[in-house]
$ cat final-v8.cif   # mmCIF, C-alpha atoms
data_target
loop_
_atom_site.group_PDB
_atom_site.id
_atom_site.type_symbol
_atom_site.label_atom_id
_atom_site.label_comp_id
_atom_site.auth_asym_id
_atom_site.auth_seq_id
_atom_site.Cartn_x
_atom_site.Cartn_y
_atom_site.Cartn_z
ATOM 1 C CA MET O 1 18.680 -14.407 4.038
ATOM 2 C CA LEU O 2 15.807 -12.107 4.962
ATOM 3 C CA LEU O 3 14.288 -10.224 2.054
ATOM 4 C CA PRO O 4 14.497 -6.460 2.631
ATOM 5 C CA VAL O 5 11.888 -3.757 2.609
ATOM 6 C CA ILE O 6 12.815 -1.692 -0.466
ATOM 7 C CA ALA O 7 12.096 2.013 -0.916
ATOM 8 C CA GLY O 8 12.402 3.807 -4.247
ATOM 9 C CA VAL O 9 13.874 7.294 -3.756
ATOM 10 C CA ASP O 10 14.366 10.223 -6.112
ATOM 11 C CA GLY O 11 15.031 13.111 -3.706
ATOM 12 C CA SER O 12 11.441 14.379 -3.701
ATOM 13 C CA PRO O 13 9.613 15.044 -0.402
ATOM 14 C CA GLU O 14 7.306 12.146 -1.239
ATOM 15 C CA SER O 15 10.163 9.689 -1.686
ATOM 16 C CA LEU O 16 11.761 10.860 1.572
ATOM 17 C CA ALA O 17 8.451 10.215 3.332
ATOM 18 C CA ALA O 18 8.383 6.792 1.667
ATOM 19 C CA ALA O 19 11.908 6.027 2.900
ATOM 20 C CA GLU O 20 10.957 7.014 6.451
ATOM 21 C CA TRP O 21 7.792 4.893 6.341
ATOM 22 C CA ALA O 22 9.755 1.974 4.878
ATOM 23 C CA ALA O 23 12.352 2.246 7.649
ATOM 24 C CA ARG O 24 9.736 1.985 10.357
ATOM 25 C CA GLU O 25 8.084 -0.912 8.578
ATOM 26 C CA ALA O 26 11.434 -2.693 8.294
ATOM 27 C CA VAL O 27 11.908 -2.334 12.051
ATOM 28 C CA ARG O 28 8.423 -3.730 12.691
ATOM 29 C CA ARG O 29 9.076 -6.723 10.458
ATOM 30 C CA GLY O 30 12.671 -7.313 11.578
ATOM 31 C CA ARG O 31 13.919 -6.774 8.016
ATOM 32 C CA PRO O 32 16.777 -4.752 6.550
ATOM 33 C CA LEU O 33 16.051 -1.672 4.458
ATOM 34 C CA HIS O 34 17.331 -1.231 0.909
ATOM 35 C CA LEU O 35 17.126 2.147 -0.862
ATOM 36 C CA VAL O 36 17.013 2.189 -4.663
ATOM 37 C CA HIS O 37 17.447 5.136 -7.018
ATOM 38 C CA ALA O 38 16.857 4.533 -10.735
ATOM 39 C CA TRP O 39 18.251 6.878 -13.364
ATOM 40 C CA ASN O 40 18.039 6.799 -17.153
ATOM 41 C CA TRP O 41 21.233 6.932 -19.146
ATOM 42 C CA GLN O 42 21.308 9.213 -22.176
ATOM 43 C CA ALA O 43 21.639 7.299 -25.423
ATOM 44 C CA GLY O 44 24.266 8.345 -27.947
ATOM 45 C CA ARG O 45 26.989 9.343 -25.463
ATOM 46 C CA PRO O 46 30.072 7.171 -25.022
ATOM 47 C CA ASP O 47 29.782 5.389 -21.654
ATOM 48 C CA GLY O 48 26.904 7.683 -20.784
ATOM 49 C CA GLU O 49 29.287 10.574 -19.998
ATOM 50 C CA PRO O 50 29.052 13.375 -19.036
ATOM 51 C CA ALA O 51 25.298 12.988 -18.547
ATOM 52 C CA GLY O 52 25.852 9.732 -16.637
ATOM 53 C CA ALA O 53 28.226 11.412 -14.175
ATOM 54 C CA ALA O 54 25.702 14.140 -13.424
ATOM 55 C CA GLN O 55 22.933 11.607 -12.971
ATOM 56 C CA ARG O 56 25.048 9.505 -10.645
ATOM 57 C CA HIS O 57 25.836 12.613 -8.598
ATOM 58 C CA LEU O 58 22.143 13.449 -8.298
ATOM 59 C CA ALA O 59 21.379 9.839 -7.426
ATOM 60 C CA ARG O 60 23.990 9.831 -4.660
ATOM 61 C CA ARG O 61 22.577 13.080 -3.276
ATOM 62 C CA ALA O 62 19.030 11.627 -3.269
ATOM 63 C CA LEU O 63 20.227 8.462 -1.541
ATOM 64 C CA ARG O 64 22.177 10.463 1.032
ATOM 65 C CA ALA O 65 19.097 12.545 1.849
ATOM 66 C CA ALA O 66 17.048 9.380 2.268
ATOM 67 C CA GLU O 67 19.718 7.811 4.485
ATOM 68 C CA ASP O 68 19.718 10.904 6.708
ATOM 69 C CA ARG O 69 15.935 10.704 6.995
ATOM 70 C CA VAL O 70 16.112 6.993 7.854
ATOM 71 C CA ARG O 71 18.755 7.508 10.548
ATOM 72 C CA GLY O 72 16.518 10.065 12.221
ATOM 73 C CA SER O 73 13.458 7.794 12.300
ATOM 74 C CA ALA O 74 15.039 4.353 12.763
ATOM 75 C CA PRO O 75 18.553 4.650 14.235
ATOM 76 C CA GLY O 76 20.475 1.400 14.122
ATOM 77 C CA LEU O 77 18.490 -0.077 11.245
ATOM 78 C CA ARG O 78 20.668 -2.027 8.805
ATOM 79 C CA THR O 79 20.425 -0.067 5.551
ATOM 80 C CA THR O 80 21.959 -0.528 2.112
ATOM 81 C CA ASP O 81 21.524 1.494 -1.073
ATOM 82 C CA GLU O 82 21.863 1.050 -4.803
ATOM 83 C CA GLN O 83 21.920 3.083 -7.995
ATOM 84 C CA VAL O 84 20.458 1.356 -11.028
ATOM 85 C CA GLY O 85 20.341 2.532 -14.631
ATOM 86 C CA GLY O 86 17.462 2.232 -17.034
ATOM 87 C CA PRO O 87 13.761 3.141 -17.019
ATOM 88 C CA ALA O 88 12.579 3.623 -13.438
ATOM 89 C CA THR O 89 9.517 1.362 -13.740
ATOM 90 C CA ALA O 90 11.530 -1.573 -15.047
ATOM 91 C CA ALA O 91 14.279 -1.019 -12.465
ATOM 92 C CA LEU O 92 11.834 -0.968 -9.564
ATOM 93 C CA LEU O 93 10.060 -4.061 -10.836
ATOM 94 C CA ARG O 94 13.394 -5.879 -10.927
ATOM 95 C CA ALA O 95 14.095 -4.719 -7.383
ATOM 96 C CA ALA O 96 10.673 -5.937 -6.258
ATOM 97 C CA GLU O 97 11.602 -9.477 -7.243
ATOM 98 C CA ARG O 98 13.965 -9.574 -4.259
ATOM 99 C CA ALA O 99 11.842 -7.604 -1.792
ATOM 100 C CA GLU O 100 9.497 -8.379 1.058
ATOM 101 C CA LEU O 101 7.697 -5.117 0.355
ATOM 102 C CA LEU O 102 8.204 -2.166 -2.008
ATOM 103 C CA VAL O 103 7.500 1.405 -0.845
ATOM 104 C CA LEU O 104 7.138 4.395 -3.170
ATOM 105 C CA GLY O 105 6.185 8.041 -2.813
ATOM 106 C CA SER O 106 2.977 9.527 -4.197
ATOM 107 C CA ARG O 107 2.881 13.044 -5.491
ATOM 108 C CA GLY O 108 -0.032 15.066 -4.131
ATOM 109 C CA LEU O 109 -1.816 18.026 -5.661
ATOM 110 C CA SER O 110 -4.231 19.200 -2.970
ATOM 111 C CA ALA O 111 -6.924 18.007 -0.651
ATOM 112 C CA PHE O 112 -9.462 18.870 -3.334
ATOM 113 C CA ALA O 113 -7.734 17.321 -6.344
ATOM 114 C CA GLY O 114 -6.544 14.255 -4.417
ATOM 115 C CA LEU O 115 -3.405 12.422 -5.431
ATOM 116 C CA LEU O 116 -1.913 12.465 -8.887
ATOM 117 C CA VAL O 117 0.242 9.355 -8.953
ATOM 118 C CA GLY O 118 2.983 9.308 -11.553
ATOM 119 C CA SER O 119 3.278 6.806 -14.349
ATOM 120 C CA VAL O 120 6.190 5.084 -12.607
ATOM 121 C CA ALA O 121 4.187 4.308 -9.469
ATOM 122 C CA LEU O 122 1.147 3.201 -11.458
ATOM 123 C CA GLY O 123 3.272 0.969 -13.681
ATOM 124 C CA VAL O 124 4.931 -0.649 -10.676
ATOM 125 C CA ILE O 125 1.645 -1.223 -8.835
ATOM 126 C CA ALA O 126 0.105 -2.890 -11.875
ATOM 127 C CA ARG O 127 2.967 -5.376 -12.291
ATOM 128 C CA ALA O 128 4.829 -5.848 -9.013
ATOM 129 C CA PRO O 129 4.954 -9.410 -7.635
ATOM 130 C CA VAL O 130 4.974 -8.152 -4.018
ATOM 131 C CA PRO O 131 2.829 -5.672 -2.056
ATOM 132 C CA VAL O 132 3.495 -2.037 -2.958
ATOM 133 C CA VAL O 133 2.861 0.787 -0.492
ATOM 134 C CA LEU O 134 2.331 4.367 -1.642
ATOM 135 C CA VAL O 135 3.157 7.140 0.834
ATOM 136 C CA ARG O 136 2.586 10.846 0.398
ATOM 137 C CA ALA O 137 4.578 13.640 2.020
ATOM 138 C CA GLY O 138 3.213 15.009 5.296
ATOM 139 C CA GLU O 139 1.469 11.825 6.405
ATOM 140 C CA GLU O 140 0.808 11.071 10.070
ATOM 141 C CA ALA O 141 3.969 9.980 11.853
ATOM 142 C CA ASP O 142 4.128 6.207 12.096
ATOM 143 C CA GLY O 143 0.375 5.752 11.808
ATOM 144 C CA HIS O 144 -0.391 7.984 14.815
ATOM 145 C CA PRO O 145 -2.222 11.325 14.838
ATOM 146 C CA ARG O 146 0.216 14.221 14.971
ATOM 147 C CA ALA O 147 0.608 16.249 18.130
ATOM 148 C CA ASP O 148 0.746 20.033 18.087
ATOM 149 C CA GLY O 149 4.527 19.915 17.681
ATOM 150 C CA GLY O 150 4.316 17.749 14.571
ATOM 151 C CA GLY O 151 5.459 14.468 16.091
ATOM 152 C CA PRO O 152 3.338 11.447 17.006
ATOM 153 C CA SER O 153 0.740 12.189 19.655
ATOM 154 C CA ALA O 154 1.014 10.209 22.895
ATOM 155 C CA ARG O 155 -2.607 10.905 23.757
ATOM 156 C CA THR O 156 -4.128 8.472 21.306
ATOM 157 C CA GLY O 157 -3.400 4.988 20.011
ATOM 158 C CA PRO O 158 -2.418 4.036 16.482
ATOM 159 C CA LEU O 159 -4.804 4.844 13.677
ATOM 160 C CA ASP O 160 -6.900 2.006 12.270
ATOM 161 C CA VAL O 161 -5.724 -0.232 9.481
ATOM 162 C CA VAL O 162 -8.560 -0.362 6.938
ATOM 163 C CA LEU O 163 -9.067 -3.358 4.666
ATOM 164 C CA GLY O 164 -11.281 -3.183 1.608
ATOM 165 C CA ILE O 165 -12.691 -6.657 0.981
ATOM 166 C CA ASP O 166 -14.684 -8.082 -1.909
ATOM 167 C CA LEU O 167 -16.804 -10.866 -0.419
ATOM 168 C CA ALA O 168 -17.254 -12.354 -3.871
ATOM 169 C CA ASP O 169 -13.505 -13.060 -3.839
ATOM 170 C CA PRO O 170 -12.002 -12.793 -0.316
ATOM 171 C CA CYS O 171 -8.319 -13.478 -0.938
ATOM 172 C CA ASP O 172 -6.087 -14.930 1.746
ATOM 173 C CA GLU O 173 -3.038 -12.914 0.633
ATOM 174 C CA VAL O 174 -4.827 -9.598 1.169
ATOM 175 C CA LEU O 175 -6.414 -10.669 4.455
ATOM 176 C CA ALA O 176 -3.083 -11.954 5.785
ATOM 177 C CA PHE O 177 -1.317 -8.690 4.923
ATOM 178 C CA ALA O 178 -3.987 -6.571 6.621
ATOM 179 C CA PHE O 179 -4.164 -8.653 9.804
ATOM 180 C CA GLU O 180 -0.374 -8.745 10.101
ATOM 181 C CA ALA O 181 -0.152 -4.981 9.521
ATOM 182 C CA ALA O 182 -2.668 -4.377 12.314
ATOM 183 C CA ARG O 183 -0.853 -6.778 14.647
ATOM 184 C CA LEU O 184 2.526 -5.159 14.046
ATOM 185 C CA ARG O 185 1.088 -1.715 14.827
ATOM 186 C CA GLY O 186 -1.119 -2.715 17.760
ATOM 187 C CA ALA O 187 -3.950 -1.127 15.763
ATOM 188 C CA ARG O 188 -7.568 -1.992 15.150
ATOM 189 C CA LEU O 189 -8.472 -3.517 11.825
ATOM 190 C CA ARG O 190 -11.551 -2.084 10.170
ATOM 191 C CA VAL O 191 -12.813 -4.396 7.415
ATOM 192 C CA VAL O 192 -15.090 -2.698 4.881
ATOM 193 C CA HIS O 193 -17.366 -4.381 2.343
ATOM 194 C CA ALA O 194 -19.560 -2.282 0.061
ATOM 195 C CA TRP O 195 -22.547 -3.766 -1.714
ATOM 196 C CA GLN O 196 -25.055 -2.563 -4.267
ATOM 197 C CA PRO O 197 -28.456 -4.076 -5.019
ATOM 198 C CA ALA O 198 -28.195 -6.512 -7.908
ATOM 199 C CA SER O 199 -30.484 -6.304 -10.884
ATOM 200 C CA ALA O 200 -33.008 -9.073 -11.436
ATOM 201 C CA ILE O 201 -31.095 -10.198 -14.526
ATOM 202 C CA GLY O 202 -28.908 -13.166 -13.763
ATOM 203 C CA LEU O 203 -30.204 -13.822 -10.248
ATOM 204 C CA GLY O 204 -30.967 -17.372 -9.307
ATOM 205 C CA SER O 205 -33.224 -18.769 -6.637
ATOM 206 C CA GLY O 206 -31.909 -18.018 -3.158
ATOM 207 C CA ASP O 207 -29.646 -15.173 -4.266
ATOM 208 C CA ILE O 208 -29.059 -12.359 -1.795
ATOM 209 C CA GLY O 209 -30.199 -9.865 -4.422
ATOM 210 C CA LEU O 210 -33.809 -11.106 -4.114
ATOM 211 C CA LEU O 211 -33.997 -9.836 -0.527
ATOM 212 C CA GLY O 212 -35.004 -6.345 0.545
ATOM 213 C CA ALA O 213 -32.252 -3.846 1.336
ATOM 214 C CA PRO O 214 -32.235 -4.366 5.146
ATOM 215 C CA SER O 215 -32.172 -8.128 4.718
ATOM 216 C CA GLN O 216 -29.447 -7.906 2.091
ATOM 217 C CA ALA O 217 -27.282 -5.857 4.466
ATOM 218 C CA GLY O 218 -27.827 -8.426 7.194
ATOM 219 C CA GLU O 219 -26.881 -11.274 4.885
ATOM 220 C CA TRP O 220 -23.677 -9.503 3.860
ATOM 221 C CA ARG O 221 -22.784 -8.866 7.509
ATOM 222 C CA GLN O 222 -23.224 -12.558 8.298
ATOM 223 C CA PHE O 223 -21.125 -13.499 5.279
ATOM 224 C CA LEU O 224 -18.378 -11.068 6.321
ATOM 225 C CA SER O 225 -18.338 -12.461 9.863
ATOM 226 C CA ALA O 226 -18.037 -15.995 8.501
ATOM 227 C CA VAL O 227 -15.102 -15.059 6.253
ATOM 228 C CA LEU O 228 -13.270 -13.319 9.109
ATOM 229 C CA ARG O 229 -13.845 -16.012 11.730
ATOM 230 C CA VAL O 230 -10.735 -18.021 10.905
ATOM 231 C CA TRP O 231 -8.608 -14.863 10.805
ATOM 232 C CA ARG O 232 -9.933 -13.683 14.181
ATOM 233 C CA ASP O 233 -8.874 -17.050 15.602
ATOM 234 C CA LYS O 234 -5.429 -16.729 14.025
ATOM 235 C CA TYR O 235 -4.955 -13.148 15.275
ATOM 236 C CA PRO O 236 -6.779 -13.009 18.638
ATOM 237 C CA GLU O 237 -4.805 -9.907 19.662
ATOM 238 C CA VAL O 238 -6.227 -7.848 16.765
ATOM 239 C CA GLU O 239 -9.471 -5.963 17.432
ATOM 240 C CA VAL O 240 -11.624 -6.240 14.301
ATOM 241 C CA LEU O 241 -14.422 -3.866 13.316
ATOM 242 C CA GLU O 242 -16.749 -5.125 10.596
ATOM 243 C CA THR O 243 -18.371 -2.552 8.336
ATOM 244 C CA VAL O 244 -20.917 -3.302 5.617
ATOM 245 C CA VAL O 245 -22.151 -0.298 3.634
ATOM 246 C CA ARG O 246 -24.476 0.135 0.702
ATOM 247 C CA GLY O 247 -22.907 2.006 -2.192
ATOM 248 C CA ARG O 248 -19.875 2.101 -4.426
ATOM 249 C CA ALA O 249 -16.805 0.354 -3.063
ATOM 250 C CA SER O 250 -14.422 3.101 -4.187
ATOM 251 C CA ALA O 251 -16.363 5.838 -2.394
ATOM 252 C CA ALA O 252 -16.755 3.714 0.742
ATOM 253 C CA LEU O 253 -13.009 3.051 0.954
ATOM 254 C CA VAL O 254 -12.044 6.671 0.416
ATOM 255 C CA ARG O 255 -14.374 7.660 3.283
ATOM 256 C CA ALA O 256 -13.140 4.872 5.567
ATOM 257 C CA ALA O 257 -9.502 5.725 4.891
ATOM 258 C CA SER O 258 -9.917 9.416 5.748
ATOM 259 C CA ALA O 259 -8.959 8.695 9.375
ATOM 260 C CA ALA O 260 -6.833 5.582 8.800
ATOM 261 C CA GLY O 261 -3.143 4.885 9.275
ATOM 262 C CA LEU O 262 -3.059 2.432 6.372
ATOM 263 C CA LEU O 263 -5.483 1.243 3.705
ATOM 264 C CA VAL O 264 -5.061 -2.264 2.276
ATOM 265 C CA VAL O 265 -6.594 -3.302 -1.049
ATOM 266 C CA GLY O 266 -5.998 -6.170 -3.436
ATOM 267 C CA ARG O 267 -4.940 -6.390 -7.064
ATOM 268 C CA ARG O 268 -5.803 -9.450 -9.131
ATOM 269 C CA THR O 269 -2.897 -10.832 -11.161
ATOM 270 C CA ALA O 270 -4.665 -13.665 -12.999
ATOM 271 C CA ASP O 271 -6.901 -11.517 -15.208
ATOM 272 C CA ARG O 272 -5.503 -10.415 -18.560
ATOM 273 C CA PRO O 273 -1.828 -11.025 -17.721
ATOM 274 C CA THR O 274 -0.714 -9.420 -20.994
ATOM 275 C CA LEU O 275 -2.332 -6.116 -19.958
ATOM 276 C CA PRO O 276 -1.614 -5.492 -16.250
ATOM 277 C CA ARG O 277 -4.066 -3.172 -14.573
ATOM 278 C CA THR O 278 -5.107 -2.157 -11.089
ATOM 279 C CA GLY O 279 -8.895 -2.462 -11.381
ATOM 280 C CA PRO O 280 -11.371 0.391 -10.811
ATOM 281 C CA VAL O 281 -11.574 0.224 -6.997
ATOM 282 C CA THR O 282 -7.827 0.007 -6.468
ATOM 283 C CA HIS O 283 -7.270 2.726 -9.077
ATOM 284 C CA ALA O 284 -9.674 5.058 -7.245
ATOM 285 C CA ALA O 285 -7.878 4.378 -3.971
ATOM 286 C CA VAL O 286 -4.495 5.058 -5.587
ATOM 287 C CA GLN O 287 -5.695 8.389 -6.934
ATOM 288 C CA HIS O 288 -7.678 9.739 -3.980
ATOM 289 C CA VAL O 289 -6.743 8.144 -0.649
ATOM 290 C CA ARG O 290 -4.478 10.339 1.458
ATOM 291 C CA CYS O 291 -3.174 7.799 3.973
ATOM 292 C CA PRO O 292 -0.497 5.213 3.086
ATOM 293 C CA LEU O 293 -1.975 2.656 0.682
ATOM 294 C CA ALA O 294 -0.884 -0.977 0.374
ATOM 295 C CA VAL O 295 -1.768 -2.751 -2.872
ATOM 296 C CA VAL O 296 -1.429 -6.531 -2.445
ATOM 297 C CA PRO O 297 -1.252 -8.783 -5.528
ATOM 298 C CA HIS O 298 -3.210 -12.034 -5.476
ATOM 299 C CA PRO O 299 -4.158 -14.739 -7.999
#
$ encode --input "final-v8.cif" --output "structure tokens"
Amino acid sequence: MLLPVIAGVDGSPESLAAAEWAAREAVRRGRPLHLVHAWNWQAGRPDGEPAGAAQRHLARRALRAAEDRVRGSAPGLRTTDEQVGGPATAALLRAAERAELLVLGSRGLSAFAGLLVGSVALGVIARAPVPVVLVRAGEEADGHPRADGGGPSARTGPLDVVLGIDLADPCDEVLAFAFEAARLRGARLRVVHAWQPASAIGLGSGDIGLLGAPSQAGEWRQFLSAVLRVWRDKYPEVEVLETVVRGRASAALVRAASAAGLLVVGRRTADRPTLPRTGPVTHAAVQHVRCPLAVVPHP
């Protein structure tokens, strides 16, 4: 049985955008789509009534709105839905255990303030065992620039998939997700590594940090090319652009993602398992990147 793409919906514009994005991704991957709405029961009421009845009504209305949105963007897609009770974060994490991919909406403030992601989305990203994609309302249609009428523009190709890579720990799970995402979209893959000059403390003989800045950049470019060589061979149809920049990784990724259709970053699961966290670079991307963002867990 194929694992579905799962979208969490709550009736908000962001969750409807997430459902639409998830539907298109399910079509690309040949997977079914499963819509999940989580609602909290009210303690102290017998059988959760009448609060439970009202919540179930609102849940059904949110699911119906998402189903209508899905039918418009991916007619014929096999879709199921589910209402689950309990805290939303815990419910979505349980759903993720039987998902290929989990898609959630991000709530935006403005272009100046960036994204303010709710505690539910942050809690899910920090703990989910599968990749989680955050989508905000009003994103480009299907990874293409919008035409004047609001739909996808036929004048240009798909927007780039951008991958943020840490060459100190290039993880296969994150690389595989990014290359496959680019292949499915027929898009270019832009791989970005940001470096900063190391201090003299802790450097050993032969370390890159002993070189001058131009030489350091050249060494990082060679290292990046070496890491990507096997993936280029595996995905010959994907055009890869290699970018090495000096500066903070979070700032470099936010800039690179400004014209992207999807940004892919990793989240380490092995560190401090009792206190799940996203890490500073991923957290910055979650808060400020405006395009869809995929957070891929890895050991």
$ atom_distance --input "final-v8.cif" --atom1 "atom CA of O:Arg267" --atom2 "atom CA of O:Pro297"
4.7 Å
$ axis_aligned_box --input "final-v8.cif" --around "stretch 63-80 of chain O" --padding-each-side "6 Å" --output "AutoDock Vina command-line options"
--center_x 17.8 --center_y 5.3 --center_z 6.3 --size_x 20.7 --size_y 26.6 --size_z 27.8
$ resolve_selection --input "final-v8.cif" --expression "the PyMOL selection byres ((chain O and resi 232-234) around 12)" --output "PyMOL selection string"
chain O and resi 175-176+178-180+182-183+188-189+191+224-231+235-242
$ resolve_selection --input "final-v8.cif" --expression "the PyMOL selection byres ((chain O and resi 73) around 12)" --output "list in words"
Leu16, Ala17, Ala18, Ala19, Glu20, Trp21, Ala22, Ala23, Arg24, Glu25, Ala26, Val27, Ala66, Glu67, Asp68, Arg69, Val70, Arg71, Gly72, Ala74, Pro75, Gly76, Leu77, Ala141, Asp142, Gly151 and Pro152 of chain O
$ atom_distance --input "final-v8.cif" --atom1 "atom CA of O:Val84" --atom2 "atom CA of O:Leu263"
29.8 Å
$ residues_around --input "final-v8.cif" --residues "O:Phe177" --least-positions-apart "6" --cutoff "9 Å" --atoms "all atoms listed in the file" --output "ChimeraX atom specification"
/O:131,264,294,296
$ atom_distance --input "final-v8.cif" --atom1 "atom CA of O:Ser250" --atom2 "atom CA of O:Val281"
4.9 Å
$ resolve_selection --input "final-v8.cif" --expression "the PyMOL selection byres ((chain O and resi 125) around 9)" --output "CSV table (one decimal) with C-alpha atoms, in the coordinates of the input"
chain,number,residue,atom,x,y,z
O,120,VAL,CA,6.2,5.1,-12.6
O,121,ALA,CA,4.2,4.3,-9.5
O,122,LEU,CA,1.1,3.2,-11.5
O,123,GLY,CA,3.3,1.0,-13.7
O,124,VAL,CA,4.9,-0.6,-10.7
O,126,ALA,CA,0.1,-2.9,-11.9
O,127,ARG,CA,3.0,-5.4,-12.3
O,128,ALA,CA,4.8,-5.8,-9.0
O,129,PRO,CA,5.0,-9.4,-7.6
O,131,PRO,CA,2.8,-5.7,-2.1
O,132,VAL,CA,3.5,-2.0,-3.0
O,133,VAL,CA,2.9,0.8,-0.5
O,267,ARG,CA,-4.9,-6.4,-7.1
O,277,ARG,CA,-4.1,-3.2,-14.6
O,278,THR,CA,-5.1,-2.2,-11.1
O,295,VAL,CA,-1.8,-2.8,-2.9
O,296,VAL,CA,-1.4,-6.5,-2.4
O,297,PRO,CA,-1.3,-8.8,-5.5
